$ cat entry-v3.pdb   # PDB, C-alpha atoms, pLDDT in the B column
ATOM      1  CA  GLY A   2    -122.509 -22.024 -99.026  1.00 67.00           C
ATOM      2  CA  ASP A   3    -125.806 -23.239 -97.750  1.00 79.00           C
ATOM      3  CA  CYS A   4    -126.204 -24.163 -94.120  1.00 77.00           C
ATOM      4  CA  GLU A   5    -128.866 -24.735 -91.530  1.00 78.00           C
ATOM      5  CA  LEU A   6    -128.828 -22.710 -88.313  1.00 72.00           C
ATOM      6  CA  SER A   7    -130.610 -23.941 -85.202  1.00 70.00           C
ATOM      7  CA  LEU A   8    -130.755 -21.974 -81.974  1.00 70.00           C
ATOM      8  CA  LEU A   9    -130.846 -24.407 -79.086  1.00 67.00           C
ATOM      9  CA  LYS A  10    -131.395 -24.203 -75.343  1.00 69.00           C
ATOM     10  CA  TYR A  11    -129.628 -26.276 -72.704  1.00 67.00           C
ATOM     11  CA  SER A  12    -132.879 -28.110 -72.042  1.00 70.00           C
ATOM     12  CA  ASP A  13    -133.046 -29.270 -75.696  1.00 68.00           C
ATOM     13  CA  GLY A  14    -131.214 -32.487 -74.878  1.00 67.00           C
ATOM     14  CA  ASP A  15    -128.012 -34.450 -74.551  1.00 70.00           C
ATOM     15  CA  ASP A  16    -126.248 -33.071 -77.641  1.00 78.00           C
ATOM     16  CA  VAL A  17    -126.688 -29.483 -76.473  1.00 79.00           C
ATOM     17  CA  GLN A  18    -125.589 -30.350 -72.945  1.00 83.00           C
ATOM     18  CA  HIS A  19    -122.549 -32.201 -74.326  1.00 85.00           C
ATOM     19  CA  VAL A  20    -121.450 -29.011 -76.137  1.00 89.00           C
ATOM     20  CA  PHE A  21    -121.976 -26.990 -72.949  1.00 89.00           C
ATOM     21  CA  TRP A  22    -119.887 -29.404 -70.857  1.00 89.00           C
ATOM     22  CA  HIS A  23    -117.220 -29.668 -73.563  1.00 91.00           C
ATOM     23  CA  SER A  24    -116.843 -25.892 -73.746  1.00 93.00           C
ATOM     24  CA  SER A  25    -116.790 -25.740 -69.933  1.00 92.00           C
ATOM     25  CA  ALA A  26    -113.903 -28.229 -69.927  1.00 92.00           C
ATOM     26  CA  HIS A  27    -111.864 -25.950 -72.204  1.00 94.00           C
ATOM     27  CA  ILE A  28    -112.473 -23.028 -69.845  1.00 95.00           C
ATOM     28  CA  LEU A  29    -111.340 -25.201 -66.931  1.00 93.00           C
ATOM     29  CA  GLY A  30    -108.243 -26.184 -68.938  1.00 93.00           C
ATOM     30  CA  GLU A  31    -107.392 -22.527 -69.536  1.00 95.00           C
ATOM     31  CA  ALA A  32    -107.780 -21.749 -65.824  1.00 95.00           C
ATOM     32  CA  LEU A  33    -105.721 -24.788 -64.778  1.00 93.00           C
ATOM     33  CA  GLU A  34    -102.873 -23.837 -67.114  1.00 93.00           C
ATOM     34  CA  MET A  35    -102.907 -20.251 -65.839  1.00 94.00           C
ATOM     35  CA  LEU A  36    -102.928 -21.207 -62.143  1.00 93.00           C
ATOM     36  CA  PHE A  37    -100.875 -24.390 -62.057  1.00 92.00           C
ATOM     37  CA  GLY A  38     -98.873 -24.642 -65.279  1.00 89.00           C
ATOM     38  CA  GLY A  39     -98.230 -28.237 -66.189  1.00 83.00           C
ATOM     39  CA  HIS A  40     -99.406 -30.184 -69.212  1.00 90.00           C
ATOM     40  CA  LEU A  41    -103.021 -30.769 -70.094  1.00 89.00           C
ATOM     41  CA  CYS A  42    -103.946 -34.174 -71.418  1.00 89.00           C
ATOM     42  CA  ILE A  43    -107.651 -34.697 -72.119  1.00 88.00           C
ATOM     43  CA  GLY A  44    -110.721 -32.822 -70.923  1.00 83.00           C
ATOM     44  CA  PRO A  45    -113.920 -34.391 -72.147  1.00 82.00           C
ATOM     45  CA  PRO A  46    -117.513 -34.064 -71.054  1.00 81.00           C
ATOM     46  CA  ILE A  47    -118.804 -37.162 -69.293  1.00 85.00           C
ATOM     47  CA  ASP A  48    -122.006 -39.020 -70.077  1.00 81.00           C
ATOM     48  CA  ASP A  49    -123.542 -38.470 -66.628  1.00 81.00           C
ATOM     49  CA  GLY A  50    -123.178 -34.705 -66.993  1.00 81.00           C
ATOM     50  CA  GLY A  51    -120.195 -32.589 -66.155  1.00 85.00           C
ATOM     51  CA  PHE A  52    -116.603 -32.724 -67.325  1.00 87.00           C
ATOM     52  CA  TYR A  53    -113.016 -33.003 -66.173  1.00 85.00           C
ATOM     53  CA  TYR A  54    -109.495 -32.200 -67.316  1.00 86.00           C
ATOM     54  CA  ASP A  55    -106.477 -34.453 -66.791  1.00 90.00           C
ATOM     55  CA  MET A  56    -103.350 -32.434 -66.132  1.00 91.00           C
ATOM     56  CA  ALA A  57     -99.795 -33.330 -65.184  1.00 91.00           C
ATOM     57  CA  THR A  58     -98.308 -30.825 -62.757  1.00 89.00           C
ATOM     58  CA  ASP A  59     -95.939 -30.732 -59.808  1.00 87.00           C
ATOM     59  CA  LYS A  60     -98.625 -29.016 -57.753  1.00 87.00           C
ATOM     60  CA  ILE A  61    -101.492 -30.717 -55.949  1.00 86.00           C
ATOM     61  CA  VAL A  62    -104.892 -29.252 -56.798  1.00 88.00           C
ATOM     62  CA  SER A  63    -107.213 -29.508 -53.801  1.00 89.00           C
ATOM     63  CA  ALA A  64    -110.523 -28.168 -52.511  1.00 91.00           C
ATOM     64  CA  ASP A  65    -108.525 -25.234 -51.133  1.00 93.00           C
ATOM     65  CA  ASP A  66    -107.975 -24.118 -54.739  1.00 93.00           C
ATOM     66  CA  PHE A  67    -111.618 -24.257 -55.856  1.00 94.00           C
ATOM     67  CA  ASP A  68    -112.404 -20.627 -54.970  1.00 94.00           C
ATOM     68  CA  ARG A  69    -109.386 -19.322 -56.938  1.00 95.00           C
ATOM     69  CA  LEU A  70    -110.277 -21.579 -59.870  1.00 93.00           C
ATOM     70  CA  GLN A  71    -113.892 -20.444 -59.904  1.00 94.00           C
ATOM     71  CA  LYS A  72    -112.917 -16.754 -59.720  1.00 95.00           C
ATOM     72  CA  LEU A  73    -110.555 -17.217 -62.662  1.00 96.00           C
ATOM     73  CA  VAL A  74    -113.225 -19.121 -64.605  1.00 95.00           C
ATOM     74  CA  ALA A  75    -115.683 -16.280 -63.936  1.00 96.00           C
ATOM     75  CA  SER A  76    -113.208 -13.781 -65.395  1.00 97.00           C
ATOM     76  CA  ILE A  77    -112.629 -16.006 -68.459  1.00 97.00           C
ATOM     77  CA  VAL A  78    -116.382 -16.239 -68.988  1.00 96.00           C
ATOM     78  CA  LYS A  79    -116.762 -12.459 -68.593  1.00 97.00           C
ATOM     79  CA  GLU A  80    -114.035 -11.867 -71.210  1.00 97.00           C
ATOM     80  CA  ASP A  81    -116.398 -13.371 -73.809  1.00 97.00           C
ATOM     81  CA  GLN A  82    -113.527 -15.252 -75.483  1.00 98.00           C
ATOM     82  CA  PRO A  83    -114.502 -16.835 -78.811  1.00 97.00           C
ATOM     83  CA  PHE A  84    -113.906 -20.522 -79.479  1.00 96.00           C
ATOM     84  CA  VAL A  85    -111.910 -20.541 -82.718  1.00 97.00           C
ATOM     85  CA  ARG A  86    -111.480 -23.731 -84.761  1.00 97.00           C
ATOM     86  CA  LEU A  87    -107.989 -24.350 -86.174  1.00 97.00           C
ATOM     87  CA  GLU A  88    -107.113 -26.941 -88.805  1.00 97.00           C
ATOM     88  CA  LEU A  89    -103.596 -28.369 -88.471  1.00 97.00           C
ATOM     89  CA  THR A  90    -101.394 -30.820 -90.289  1.00 97.00           C
ATOM     90  CA  LYS A  91     -99.803 -33.516 -88.163  1.00 97.00           C
ATOM     91  CA  ALA A  92     -96.470 -31.674 -88.358  1.00 96.00           C
ATOM     92  CA  GLU A  93     -98.091 -28.386 -87.271  1.00 97.00           C
ATOM     93  CA  ALA A  94     -99.833 -30.111 -84.372  1.00 97.00           C
ATOM     94  CA  LEU A  95     -96.585 -31.748 -83.225  1.00 97.00           C
ATOM     95  CA  GLU A  96     -94.823 -28.370 -83.374  1.00 97.00           C
ATOM     96  CA  LEU A  97     -97.635 -26.595 -81.526  1.00 96.00           C
ATOM     97  CA  PHE A  98     -97.728 -29.169 -78.731  1.00 95.00           C
ATOM     98  CA  ALA A  99     -93.963 -29.861 -78.567  1.00 96.00           C
ATOM     99  CA  GLY A 100     -92.964 -30.545 -74.986  1.00 92.00           C
ATOM    100  CA  ASN A 101     -96.361 -31.925 -73.957  1.00 93.00           C
ATOM    101  CA  LYS A 102     -95.749 -35.676 -74.096  1.00 93.00           C
ATOM    102  CA  TYR A 103     -99.465 -36.433 -73.668  1.00 93.00           C
ATOM    103  CA  LYS A 104    -100.512 -34.375 -76.682  1.00 94.00           C
ATOM    104  CA  GLU A 105     -97.538 -35.652 -78.693  1.00 96.00           C
ATOM    105  CA  GLU A 106     -98.629 -39.246 -77.983  1.00 95.00           C
ATOM    106  CA  ILE A 107    -102.217 -38.536 -79.073  1.00 95.00           C
ATOM    107  CA  ILE A 108    -101.023 -36.838 -82.268  1.00 96.00           C
ATOM    108  CA  THR A 109     -98.497 -39.556 -83.102  1.00 96.00           C
ATOM    109  CA  GLN A 110    -100.902 -42.436 -82.461  1.00 96.00           C
ATOM    110  CA  GLN A 111    -104.144 -41.036 -83.832  1.00 95.00           C
ATOM    111  CA  ILE A 112    -103.257 -38.788 -86.774  1.00 95.00           C
ATOM    112  CA  GLY A 113    -101.856 -40.146 -90.015  1.00 94.00           C
ATOM    113  CA  ASP A 114     -98.877 -38.446 -91.644  1.00 93.00           C
ATOM    114  CA  ASP A 115    -101.016 -37.038 -94.481  1.00 93.00           C
ATOM    115  CA  GLU A 116    -104.050 -36.248 -92.312  1.00 94.00           C
ATOM    116  CA  LYS A 117    -105.175 -33.033 -90.720  1.00 96.00           C
ATOM    117  CA  THR A 118    -106.608 -32.548 -87.267  1.00 96.00           C
ATOM    118  CA  THR A 119    -108.404 -29.778 -85.486  1.00 96.00           C
ATOM    119  CA  ALA A 120    -107.746 -27.756 -82.381  1.00 96.00           C
ATOM    120  CA  TYR A 121    -109.704 -24.981 -80.717  1.00 96.00           C
ATOM    121  CA  ARG A 122    -108.371 -21.718 -79.338  1.00 97.00           C
ATOM    122  CA  CYS A 123    -110.055 -20.129 -76.348  1.00 95.00           C
ATOM    123  CA  GLY A 124    -108.100 -17.134 -75.055  1.00 96.00           C
ATOM    124  CA  PRO A 125    -104.509 -18.348 -74.521  1.00 96.00           C
ATOM    125  CA  LEU A 126    -105.545 -22.026 -74.502  1.00 95.00           C
ATOM    126  CA  ILE A 127    -105.145 -24.082 -77.660  1.00 95.00           C
ATOM    127  CA  ASP A 128    -106.138 -27.722 -77.394  1.00 94.00           C
ATOM    128  CA  LEU A 129    -106.651 -30.664 -79.710  1.00 95.00           C
ATOM    129  CA  CYS A 130    -110.373 -30.938 -80.225  1.00 92.00           C
ATOM    130  CA  ARG A 131    -113.034 -32.000 -82.703  1.00 90.00           C
ATOM    131  CA  GLY A 132    -115.597 -29.566 -81.308  1.00 88.00           C
ATOM    132  CA  PRO A 133    -118.208 -28.287 -81.487  1.00 91.00           C
ATOM    133  CA  HIS A 134    -118.322 -25.514 -78.906  1.00 92.00           C
ATOM    134  CA  VAL A 135    -120.563 -22.708 -77.815  1.00 93.00           C
ATOM    135  CA  PRO A 136    -119.649 -19.505 -79.712  1.00 94.00           C
ATOM    136  CA  THR A 137    -117.957 -17.755 -76.761  1.00 96.00           C
ATOM    137  CA  THR A 138    -117.090 -18.311 -73.131  1.00 96.00           C
ATOM    138  CA  LYS A 139    -119.883 -15.926 -72.103  1.00 96.00           C
ATOM    139  CA  LYS A 140    -122.413 -18.658 -72.958  1.00 93.00           C
ATOM    140  CA  ILE A 141    -121.201 -20.684 -69.947  1.00 92.00           C
ATOM    141  CA  GLU A 142    -123.324 -19.004 -67.304  1.00 87.00           C
ATOM    142  CA  ALA A 143    -123.003 -21.685 -64.620  1.00 87.00           C
ATOM    143  CA  PHE A 144    -119.762 -23.339 -63.529  1.00 88.00           C
ATOM    144  CA  LYS A 145    -118.763 -25.007 -60.281  1.00 88.00           C
ATOM    145  CA  VAL A 146    -115.686 -27.014 -59.380  1.00 88.00           C
ATOM    146  CA  THR A 147    -116.784 -29.890 -57.168  1.00 87.00           C
ATOM    147  CA  LYS A 148    -113.904 -32.387 -57.098  1.00 87.00           C
ATOM    148  CA  ALA A 149    -110.178 -32.755 -57.553  1.00 87.00           C
ATOM    149  CA  SER A 150    -108.162 -35.925 -57.561  1.00 84.00           C
ATOM    150  CA  ALA A 151    -104.497 -36.647 -57.867  1.00 73.00           C
ATOM    151  CA  ARG A 152    -102.174 -39.558 -58.305  1.00 66.00           C
ATOM    152  CA  ALA A 153     -98.421 -39.797 -58.247  1.00 54.00           C
ATOM    153  CA  ALA A 154     -96.743 -39.645 -61.619  1.00 55.00           C
TER     154      ALA A 154
END
$ encode --input "entry-v3.pdb" --output "structure tokens"
Amino acid sequence: GDCELSLLKYSDGDDVQHVFWHSSAHILGEALEMLFGGHLCIGPPIDDGGFYYDMATDKIVSADDFDRLQKLVASIVKEDQPFVRLELTKAEALELFAGNKYKEEIITQQIGDDEKTTAYRCGPLIDLCRGPHVPTTKKIEAFKVTKASARAA
């Protein structure tokens, strides 16, 4: 079919930066799962610039972990992993995220029984997501972990 292709730079504005931050959040989510296990919840970009990922884990993530996280992120970026869009039925999404009560709650509350949703795969990470994303992790050339916070479950 017909489409329009636009090549954009980071400096082209908020929409481009939003995609950059969003893709960066998925890379952070992949690294967090690999290092700490646990269950990811949401990982959006934020309006002021940057991003975060909520994660439930038994481990405390602190500034002492930033170097390990950044090294793992650098390897994920270097792997040039594609962001792959997946379309799922509600039942498929519930099966895929079985055991993650946060994802199950989102799916149950926000997706109708006859509706489909989307997820994106990036390396071993699959997460509920509307997108869009940069084509591959290699497009994220700058990444720095600056904060961690925790609260008791």
$ residues_around --input "entry-v3.pdb" --residues "Leu129 in chain A" --least-positions-apart "5" --cutoff "9 Å" --atoms "all atoms listed in the file" --output "NGL selection string"
:A and (43 or 94 or 104 or 108 or 118-121)
$ atom_distance --input "entry-v3.pdb" --atom1 "CA of Tyr103 in chain A" --atom2 "CA of Ile77 in chain A"
24.9 Å
$ resolve_selection --input "entry-v3.pdb" --expression "the PyMOL selection byres ((chain A and resi 21-37) around 6)" --output "list in words"
Gln18, His19, Val20, Gly38, Gly44, Pro45, Pro46, Gly51, Phe52, Leu126 and His134 of chain A
$ write_last_selection --input "entry-v3.pdb" --atoms "C-alpha atoms" --output "short mmCIF file (atom, residue, chain, number, x, y, z; two decimals), in the frame of the given file"
data_model
loop_
_atom_site.label_atom_id
_atom_site.label_comp_id
_atom_site.auth_asym_id
_atom_site.auth_seq_id
_atom_site.Cartn_x
_atom_site.Cartn_y
_atom_site.Cartn_z
CA GLN A 18 -125.59 -30.35 -72.94
CA HIS A 19 -122.55 -32.20 -74.33
CA VAL A 20 -121.45 -29.01 -76.14
CA GLY A 38 -98.87 -24.64 -65.28
CA GLY A 44 -110.72 -32.82 -70.92
CA PRO A 45 -113.92 -34.39 -72.15
CA PRO A 46 -117.51 -34.06 -71.05
CA GLY A 51 -120.20 -32.59 -66.16
CA PHE A 52 -116.60 -32.72 -67.32
CA LEU A 126 -105.54 -22.03 -74.50
CA HIS A 134 -118.32 -25.51 -78.91
#
$ atom_distance --input "entry-v3.pdb" --atom1 "CA of Phe98 in chain A" --atom2 "CA of Gln82 in chain A"
21.3 Å
$ resolve_selection --input "entry-v3.pdb" --expression "the PyMOL selection byres ((chain A and resi 122) around 8)" --output "short mmCIF file (atom, residue, chain, number, x, y, z; two decimals) with C-alpha atoms, keeping the file's coordinate frame"
data_model
loop_
_atom_site.label_atom_id
_atom_site.label_comp_id
_atom_site.auth_asym_id
_atom_site.auth_seq_id
_atom_site.Cartn_x
_atom_site.Cartn_y
_atom_site.Cartn_z
CA PRO A 83 -114.50 -16.84 -78.81
CA PHE A 84 -113.91 -20.52 -79.48
CA VAL A 85 -111.91 -20.54 -82.72
CA ARG A 86 -111.48 -23.73 -84.76
CA LEU A 87 -107.99 -24.35 -86.17
CA ALA A 120 -107.75 -27.76 -82.38
CA TYR A 121 -109.70 -24.98 -80.72
CA CYS A 123 -110.06 -20.13 -76.35
CA GLY A 124 -108.10 -17.13 -75.06
CA PRO A 125 -104.51 -18.35 -74.52
CA LEU A 126 -105.54 -22.03 -74.50
CA ILE A 127 -105.14 -24.08 -77.66
CA ASP A 128 -106.14 -27.72 -77.39
#
$ atom_distance --input "entry-v3.pdb" --atom1 "CA of Phe67 in chain A" --atom2 "CA of Phe144 in chain A"
11.2 Å
$ closest_residue --input "entry-v3.pdb" --among "A:Leu8, A:Ala143, A:Val135, A:Ala149" --to "Asp81 in chain A" --atoms "only C-alpha atoms"
A:Val135
$ closest_residue --input "entry-v3.pdb" --among "A:Asp66, A:Asp3, A:Asp15, A:Asp114" --to "Asp49 in chain A" --atoms "only C-alpha atoms"
A:Asp15
$ residues_around --input "entry-v3.pdb" --residues "Asp65 in chain A" --least-positions-apart "5" --cutoff "12 Å" --atoms "all atoms listed in the file" --output "number ranges by chain"
A: 70-71, 146-149
$ closest_residue --input "entry-v3.pdb" --among "A:Gly100, A:Gly132, A:Gly113, A:Gly39" --to "Val62 in chain A" --atoms "only C-alpha atoms"
A:Gly39
$ resolve_selection --input "entry-v3.pdb" --expression "the PyMOL selection byres ((chain A and resi 139) around 8)" --output "count of residues only"
10
$ residues_around --input "entry-v3.pdb" --residues "Leu95 in chain A" --least-positions-apart "5" --cutoff "10 Å" --atoms "only C-alpha atoms" --output "PyMOL selection string"
chain A and resi 89-90+100-102+104-109
$ closest_residue --input "entry-v3.pdb" --among "A:Ser150, A:Leu97, A:Pro133, A:Leu41" --to "Thr58 in chain A" --atoms "all atoms listed in the file"
A:Leu41
$ build_atoms --input "entry-v3.pdb" --residues "range 43-54 of chain A" --atoms "all heavy atoms" --output "short mmCIF file (atom, residue, chain, number, x, y, z; two decimals), in the coordinates of the input"
data_model
loop_
_atom_site.label_atom_id
_atom_site.label_comp_id
_atom_site.auth_asym_id
_atom_site.auth_seq_id
_atom_site.Cartn_x
_atom_site.Cartn_y
_atom_site.Cartn_z
N ILE A 43 -106.33 -34.71 -71.50
CA ILE A 43 -107.65 -34.70 -72.12
C ILE A 43 -108.64 -34.05 -71.16
O ILE A 43 -108.46 -34.08 -69.95
CB ILE A 43 -108.14 -36.11 -72.53
CG1 ILE A 43 -108.22 -37.04 -71.31
CG2 ILE A 43 -107.26 -36.69 -73.62
CD1 ILE A 43 -108.90 -38.36 -71.59
N GLY A 44 -109.70 -33.49 -71.73
CA GLY A 44 -110.72 -32.82 -70.92
C GLY A 44 -112.09 -32.98 -71.53
O GLY A 44 -112.66 -32.02 -72.03
N PRO A 45 -112.63 -34.17 -71.49
CA PRO A 45 -113.92 -34.39 -72.15
C PRO A 45 -115.12 -34.16 -71.22
O PRO A 45 -114.98 -34.18 -70.00
CB PRO A 45 -113.85 -35.87 -72.51
CG PRO A 45 -113.06 -36.46 -71.37
CD PRO A 45 -112.03 -35.41 -71.02
N PRO A 46 -116.29 -33.97 -71.84
CA PRO A 46 -117.51 -34.06 -71.05
C PRO A 46 -117.74 -35.53 -70.71
O PRO A 46 -117.21 -36.41 -71.37
CB PRO A 46 -118.59 -33.56 -72.02
CG PRO A 46 -118.04 -33.79 -73.37
CD PRO A 46 -116.54 -33.70 -73.24
N ILE A 47 -118.50 -35.78 -69.66
CA ILE A 47 -118.80 -37.16 -69.29
C ILE A 47 -120.30 -37.42 -69.47
O ILE A 47 -121.12 -36.50 -69.38
CB ILE A 47 -118.33 -37.50 -67.86
CG1 ILE A 47 -118.86 -36.51 -66.83
CG2 ILE A 47 -116.82 -37.54 -67.80
CD1 ILE A 47 -118.47 -36.83 -65.41
N ASP A 48 -120.63 -38.66 -69.73
CA ASP A 48 -122.01 -39.02 -70.08
C ASP A 48 -123.02 -38.70 -68.99
O ASP A 48 -124.17 -38.40 -69.28
CB ASP A 48 -122.09 -40.51 -70.43
CG ASP A 48 -121.39 -40.83 -71.75
OD1 ASP A 48 -121.20 -39.91 -72.57
OD2 ASP A 48 -121.02 -42.00 -71.95
N ASP A 49 -122.62 -38.74 -67.73
CA ASP A 49 -123.54 -38.47 -66.63
C ASP A 49 -123.76 -36.98 -66.40
O ASP A 49 -124.47 -36.60 -65.48
CB ASP A 49 -123.00 -39.07 -65.32
CG ASP A 49 -122.93 -40.58 -65.38
OD1 ASP A 49 -123.46 -41.18 -66.33
OD2 ASP A 49 -122.33 -41.17 -64.47
N GLY A 50 -123.12 -36.15 -67.20
CA GLY A 50 -123.18 -34.70 -66.99
C GLY A 50 -121.91 -34.24 -66.31
O GLY A 50 -121.37 -34.92 -65.46
N GLY A 51 -121.43 -33.11 -66.71
CA GLY A 51 -120.20 -32.59 -66.16
C GLY A 51 -119.01 -32.86 -67.07
O GLY A 51 -119.17 -33.24 -68.22
N PHE A 52 -117.83 -32.66 -66.53
CA PHE A 52 -116.60 -32.72 -67.32
C PHE A 52 -115.41 -32.79 -66.38
O PHE A 52 -115.55 -32.60 -65.18
CB PHE A 52 -116.50 -31.49 -68.23
CG PHE A 52 -116.58 -30.20 -67.45
CD1 PHE A 52 -115.42 -29.57 -67.01
CD2 PHE A 52 -117.80 -29.64 -67.13
CE1 PHE A 52 -115.49 -28.41 -66.26
CE2 PHE A 52 -117.88 -28.47 -66.38
CZ PHE A 52 -116.72 -27.85 -65.96
N TYR A 53 -114.25 -33.03 -66.95
CA TYR A 53 -113.02 -33.00 -66.17
C TYR A 53 -111.87 -32.64 -67.11
O TYR A 53 -112.02 -32.59 -68.32
CB TYR A 53 -112.75 -34.35 -65.49
CG TYR A 53 -112.41 -35.48 -66.46
CD1 TYR A 53 -111.09 -35.76 -66.79
CD2 TYR A 53 -113.42 -36.25 -67.03
CE1 TYR A 53 -110.78 -36.79 -67.68
CE2 TYR A 53 -113.12 -37.27 -67.90
CZ TYR A 53 -111.81 -37.55 -68.23
OH TYR A 53 -111.51 -38.56 -69.10
N TYR A 54 -110.71 -32.39 -66.53
CA TYR A 54 -109.50 -32.20 -67.32
C TYR A 54 -108.36 -32.92 -66.61
O TYR A 54 -108.12 -32.66 -65.43
CB TYR A 54 -109.13 -30.72 -67.46
CG TYR A 54 -108.86 -30.37 -68.90
CD1 TYR A 54 -109.66 -29.49 -69.59
CD2 TYR A 54 -107.81 -30.97 -69.59
CE1 TYR A 54 -109.42 -29.20 -70.92
CE2 TYR A 54 -107.58 -30.69 -70.91
CZ TYR A 54 -108.39 -29.80 -71.56
OH TYR A 54 -108.15 -29.54 -72.87
#
